[in-house]
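One structure is given here, and the rest of the page talks about it.
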Amino acid sequence: MKINSTEIKTIEPLKTIAINHIGDYSGIAAAFQRLGEWAGANGYWAKGPRMVGIYHDKPAEVPVEKLRSGACLEDMGGMEPAEGMGRYEVSGGKYLVMNAEVTMAEYGEAWNKTYAAVAEQGLECDSRDHYELYISCVDGTQGDDAPWIVEFRVPIK
């Protein structure tokens with residue numbers, strides 16, 4: 001894992017098309033796959049939307065089988081959700097943003113480092129959306145072992 005930057009940013013709300021997922025956060029991959037196939041079939045990738053992974057619950061406080069998350073695609077306008085999809089607006093406001101290059105196996109470590117950065121700076125999280133904004137794959141390579149540039153966004157008071 002390579003951390004590129006950690007900073008405080010004021011983020012605008014982000015409108016998305018979302019597929020909800022209930023259960024272990026690691027199981028959200030199927031929702032992302034369905035979202036990506038839908039975007040491709042409808043020509044939405046040409047608009048340049050970003051993907052977002054939203055995590056609504058704290059794993060330490062909610063049983064794994066009840067964890068709520070969402071696989072989202074930025075709504076670039078003119079996009080109509082398919083059955084089982086809905087519109088969701090990701091919260092805006094003040095966030096600690098850690099930009100990192102991570103492989104699939106490193107997401108847990110990246111979140112731990114993001115929350116450690118919040119604590120190190122004497123900040124406090126609030127209840128708005130904690131999420132990942134997927135910027136791009138490194139060197140155009142995709143796959144479980146290929147790193148992605150991801151912004152880990154934690155809302156702060």
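Following the order of the structure tokens, first chain is A, next is B, and so on, with residues numbered from 1 inside each chain and ligands from 1 in the order they appear.
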
Fewer than 5 positions away in the same chain doesn't count, so skip those; otherwise give me all residues within 6 Å of Val154 (chain A), counting only C-alpha atoms, as a PDB file with N, CA, C and O atoms, in the first residue's frame.
```
ATOM      1  N   TYR A  95     -14.310  16.378   5.380  1.00  0.00           N
ATOM      2  CA  TYR A  95     -13.821  14.998   5.410  1.00  0.00           C
ATOM      3  C   TYR A  95     -12.304  14.970   5.547  1.00  0.00           C
ATOM      4  O   TYR A  95     -11.607  15.836   5.006  1.00  0.00           O
ATOM      5  N   LEU A  96     -11.802  13.955   6.230  1.00  0.00           N
ATOM      6  CA  LEU A  96     -10.398  13.609   6.111  1.00  0.00           C
ATOM      7  C   LEU A  96     -10.327  12.670   4.915  1.00  0.00           C
ATOM      8  O   LEU A  96     -11.074  11.688   4.849  1.00  0.00           O
ATOM      9  N   HIS A 130     -19.207   7.278   5.341  1.00  0.00           N
ATOM     10  CA  HIS A 130     -17.798   6.910   5.225  1.00  0.00           C
ATOM     11  C   HIS A 130     -17.724   6.163   3.899  1.00  0.00           C
ATOM     12  O   HIS A 130     -18.483   5.219   3.674  1.00  0.00           O
TER      13      HIS A 130
END
```

Region 9-60 of chain A near region 82-85 of chain A within 9 Å: what's each residue's closest atom pair and its distance in Å to one decimal, counting only C-alpha atoms, ordered by chain then ascending residue number, as a tab-separated table?
```
residue	atom	partner	partner_atom	distance
A:Ile17	CA	A:Met85	CA	6.7
A:Ala18	CA	A:Met85	CA	5.5
A:Ile19	CA	A:Met85	CA	4.9
A:Asn20	CA	A:Met85	CA	7.6
A:Leu35	CA	A:Met85	CA	8.7
A:Trp38	CA	A:Ala82	CA	7.8
```

Selection to disk with N, CA and C atoms, as a JSON list (two decimals), in the first residue's frame:
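For reference, out.json as written:
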```json
[["chain", "number", "residue", "atom", "x", "y", "z"],
["A", 17, "ILE", "N", -26.15, 6.52, -8.57],
["A", 17, "ILE", "CA", -27.07, 5.40, -8.77],
["A", 17, "ILE", "C", -26.48, 4.28, -7.90],
["A", 18, "ALA", "N", -27.30, 3.66, -7.06],
["A", 18, "ALA", "CA", -26.78, 2.73, -6.06],
["A", 18, "ALA", "C", -27.49, 1.38, -6.05],
["A", 19, "ILE", "N", -26.72, 0.37, -5.68],
["A", 19, "ILE", "CA", -27.26, -0.95, -5.38],
["A", 19, "ILE", "C", -26.89, -1.22, -3.93],
["A", 20, "ASN", "N", -27.89, -1.47, -3.10],
["A", 20, "ASN", "CA", -27.65, -1.73, -1.69],
["A", 20, "ASN", "C", -27.16, -3.16, -1.48],
["A", 35, "LEU", "N", -23.50, -3.35, -11.27],
["A", 35, "LEU", "CA", -23.52, -1.92, -11.58],
["A", 35, "LEU", "C", -22.66, -1.62, -12.81],
["A", 38, "TRP", "N", -24.34, -2.94, -16.00],
["A", 38, "TRP", "CA", -25.45, -2.06, -16.35],
["A", 38, "TRP", "C", -24.93, -0.78, -17.01]]
```

- Query: For Lys113 (chain A), which residue among A:Arg50, A:Lys66, A:Lys2, A:His21 is the nearest when counting only C-alpha atoms?
  - Reply: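 Of the candidates, the smallest distance to Lys113 (chain A) is held by A:Lys2.
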
- Item | Distance query Tyr107 (chain A) at most 10 Å, only C-alpha atoms, self and fewer than 6 positions along chain excluded, as a PyMOL selection string | chain A and resi 1+26+100-101+113+132+150+152

- Message: Using only C-alpha atoms, which protein or nucleic acid residues come within 12 Å of Asp145 (chain A)? Drop anything in the same chain fewer than 2 positions from it, and give the result as number ranges by chain.
- Response: A: 1, 101-107, 137-138, 141-143, 147-148

Residues from the last selection, N, CA, C and O atoms, saved as a tab-separated table (two decimals), in the first residue's frame:
```
chain	number	residue	atom	x	y	z
A	1	MET	N	0.85	-1.18	0.00
A	1	MET	CA	0.00	0.00	0.00
A	1	MET	C	0.89	1.23	0.00
A	1	MET	O	1.88	1.29	0.72
A	101	GLU	N	-2.76	4.06	-2.98
A	101	GLU	CA	-2.75	3.01	-3.98
A	101	GLU	C	-2.85	1.69	-3.23
A	101	GLU	O	-1.98	1.37	-2.42
A	102	VAL	N	-3.94	0.96	-3.47
A	102	VAL	CA	-4.20	-0.27	-2.72
A	102	VAL	C	-4.62	-1.41	-3.63
A	102	VAL	O	-5.27	-1.19	-4.65
A	103	THR	N	-4.26	-2.61	-3.21
A	103	THR	CA	-4.77	-3.81	-3.86
A	103	THR	C	-6.00	-4.26	-3.07
A	103	THR	O	-6.26	-3.76	-1.97
A	104	MET	N	-6.72	-5.21	-3.58
A	104	MET	CA	-7.93	-5.69	-2.91
A	104	MET	C	-7.63	-6.14	-1.48
A	104	MET	O	-8.40	-5.87	-0.57
A	105	ALA	N	-6.50	-6.78	-1.27
A	105	ALA	CA	-6.15	-7.30	0.06
A	105	ALA	C	-5.78	-6.19	1.05
A	105	ALA	O	-5.71	-6.45	2.25
A	106	GLU	N	-5.57	-4.97	0.58
A	106	GLU	CA	-5.09	-3.89	1.45
A	106	GLU	C	-6.17	-2.91	1.91
A	106	GLU	O	-5.87	-1.96	2.63
A	107	TYR	N	-7.42	-3.11	1.52
A	107	TYR	CA	-8.47	-2.15	1.88
A	107	TYR	C	-8.65	-2.03	3.39
A	107	TYR	O	-8.81	-0.93	3.91
A	137	CYS	N	-7.39	2.85	-11.93
A	137	CYS	CA	-6.48	1.74	-11.70
A	137	CYS	C	-5.07	2.22	-12.07
A	137	CYS	O	-4.90	3.05	-12.95
A	138	VAL	N	-4.08	1.74	-11.36
A	138	VAL	CA	-2.70	2.15	-11.59
A	138	VAL	C	-2.21	1.51	-12.89
A	138	VAL	O	-2.37	0.31	-13.09
A	141	THR	N	-4.08	-1.24	-15.32
A	141	THR	CA	-4.18	-2.68	-15.06
A	141	THR	C	-5.29	-2.94	-14.05
A	141	THR	O	-5.35	-2.28	-13.02
A	142	GLN	N	-6.17	-3.90	-14.34
A	142	GLN	CA	-7.23	-4.26	-13.42
A	142	GLN	C	-7.04	-5.68	-12.93
A	142	GLN	O	-6.37	-6.48	-13.56
A	143	GLY	N	-7.65	-6.00	-11.79
A	143	GLY	CA	-7.57	-7.34	-11.22
A	143	GLY	C	-7.35	-7.24	-9.72
A	143	GLY	O	-7.00	-6.19	-9.20
A	147	PRO	N	-3.08	-2.62	-8.15
A	147	PRO	CA	-3.46	-1.51	-7.26
A	147	PRO	C	-4.38	-0.49	-7.95
A	147	PRO	O	-4.28	-0.26	-9.15
A	148	TRP	N	-5.25	0.07	-7.14
A	148	TRP	CA	-6.13	1.15	-7.55
A	148	TRP	C	-5.79	2.39	-6.74
A	148	TRP	O	-5.38	2.29	-5.58
```

- Determine which residues of chain A DSSP labels as strand (DSSP E) from the backbone of this structure, then write them out as a PyMOL selection string. chain A and resi 2-11+14-22+51-55+68-74+86-90+93-102+130-137+148-155

Would you mind listing, for every residue of region 96-126 of chain A within 12 Å of region 54-59 of chain A, the two atoms forming the shortest contact and the distance between them in Å to one decimal, using only C-alpha atoms, sorted by chain and ascending residue number, as a tab-separated table?
```
residue	atom	partner	partner_atom	distance
A:Gly108	CA	A:Pro59	CA	11.5
A:Trp111	CA	A:Tyr55	CA	11.3
A:Cys125	CA	A:Lys58	CA	11.7
A:Asp126	CA	A:His56	CA	11.7
```

The selected residues should be written to file as a short mmCIF file (atom, residue, chain, number, x, y, z; two decimals), in the first residue's frame (atoms: N, CA and C atoms).
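What landed in selection.cif:
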```cif
data_model
loop_
_atom_site.label_atom_id
_atom_site.label_comp_id
_atom_site.auth_asym_id
_atom_site.auth_seq_id
_atom_site.Cartn_x
_atom_site.Cartn_y
_atom_site.Cartn_z
N GLY A 108 -8.64 -3.14 4.12
CA GLY A 108 -8.79 -3.08 5.58
C GLY A 108 -7.68 -2.28 6.22
N TRP A 111 -8.21 1.46 5.53
CA TRP A 111 -9.21 2.07 6.42
C TRP A 111 -8.62 2.28 7.81
N CYS A 125 -14.78 11.71 14.17
CA CYS A 125 -15.68 11.31 13.08
C CYS A 125 -17.11 11.70 13.43
N ASP A 126 -17.91 11.89 12.40
CA ASP A 126 -19.34 12.03 12.65
C ASP A 126 -20.09 10.97 11.86
#
```

- Using DSSP on the backbone coordinates, identify the residues of chain A assigned to alpha helix (DSSP H); present them as a list in words.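 Assigned to alpha helix (DSSP H), within chain A: Ala29, Ala30, Ala31, Phe32, Gln33, Arg34, Leu35, Gly36, Glu37, Trp38, Ala39, Gly40, Ala41, Tyr107, Gly108, Glu109, Ala110, Trp111, Asn112, Lys113, Thr114, Tyr115, Ala116, Ala117, Val118, Ala119 and Glu120 of chain A.
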
Just the selected residues (C-alpha atoms), exported as a PDB file, in the first residue's frame, please.
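In the end it all went to again-v9.pdb:
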```
ATOM      1  CA  ALA A  29     -18.234  -7.182  -5.223  1.00  0.00           C
ATOM      2  CA  ALA A  30     -21.308  -8.735  -6.875  1.00  0.00           C
ATOM      3  CA  ALA A  31     -23.203  -5.444  -6.558  1.00  0.00           C
ATOM      4  CA  PHE A  32     -20.281  -3.579  -8.164  1.00  0.00           C
ATOM      5  CA  GLN A  33     -20.139  -6.121 -10.975  1.00  0.00           C
ATOM      6  CA  ARG A  34     -23.859  -5.721 -11.676  1.00  0.00           C
ATOM      7  CA  LEU A  35     -23.524  -1.919 -11.578  1.00  0.00           C
ATOM      8  CA  GLY A  36     -20.584  -2.005 -13.980  1.00  0.00           C
ATOM      9  CA  GLU A  37     -22.372  -4.306 -16.425  1.00  0.00           C
ATOM     10  CA  TRP A  38     -25.450  -2.057 -16.353  1.00  0.00           C
ATOM     11  CA  ALA A  39     -23.296   1.038 -16.990  1.00  0.00           C
ATOM     12  CA  GLY A  40     -21.588  -0.678 -19.919  1.00  0.00           C
ATOM     13  CA  ALA A  41     -24.818  -1.965 -21.456  1.00  0.00           C
ATOM     14  CA  TYR A 107      -8.468  -2.152   1.882  1.00  0.00           C
ATOM     15  CA  GLY A 108      -8.788  -3.083   5.577  1.00  0.00           C
ATOM     16  CA  GLU A 109      -5.301  -1.768   6.305  1.00  0.00           C
ATOM     17  CA  ALA A 110      -6.063   1.424   4.365  1.00  0.00           C
ATOM     18  CA  TRP A 111      -9.205   2.068   6.417  1.00  0.00           C
ATOM     19  CA  ASN A 112      -7.241   1.461   9.631  1.00  0.00           C
ATOM     20  CA  LYS A 113      -4.628   4.007   8.516  1.00  0.00           C
ATOM     21  CA  THR A 114      -7.346   6.499   7.586  1.00  0.00           C
ATOM     22  CA  TYR A 115      -8.959   6.249  11.025  1.00  0.00           C
ATOM     23  CA  ALA A 116      -5.499   6.444  12.647  1.00  0.00           C
ATOM     24  CA  ALA A 117      -4.902   9.705  10.754  1.00  0.00           C
ATOM     25  CA  VAL A 118      -8.195  11.058  12.105  1.00  0.00           C
ATOM     26  CA  ALA A 119      -7.087  10.238  15.673  1.00  0.00           C
ATOM     27  CA  GLU A 120      -3.519  11.520  15.163  1.00  0.00           C
TER      28      GLU A 120
END
```

- Item | Who sits within 7 Å of region 3-15 of chain A, only C-alpha atoms, same chain under 3 positions skipped, as a PyMOL selection string | chain A and resi 74-75+88-101

- Query: Rounded to one decimal in Å, what is the spacing between CA of Pro155 (chain A) and CA of Leu133 (chain A)?
  - Reply: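 These atoms are spaced 13.4 Å apart.
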
- Best match for closeness to Asp24 (chain A) among A:Pro49, A:Arg68, A:Gly122, A:Ser136, counting only C-alpha atoms: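 So, comparing all the options, the nearest one is A:Arg68.
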
- Two-atom distance - CA of Tyr44 (chain A), CA of Gly86 (chain A) (Å): 15.7 Å

- Item | Separation of CA of Ile135 (chain A) from CA of Val62 (chain A) in Å |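 It comes out at 28.8 Å.
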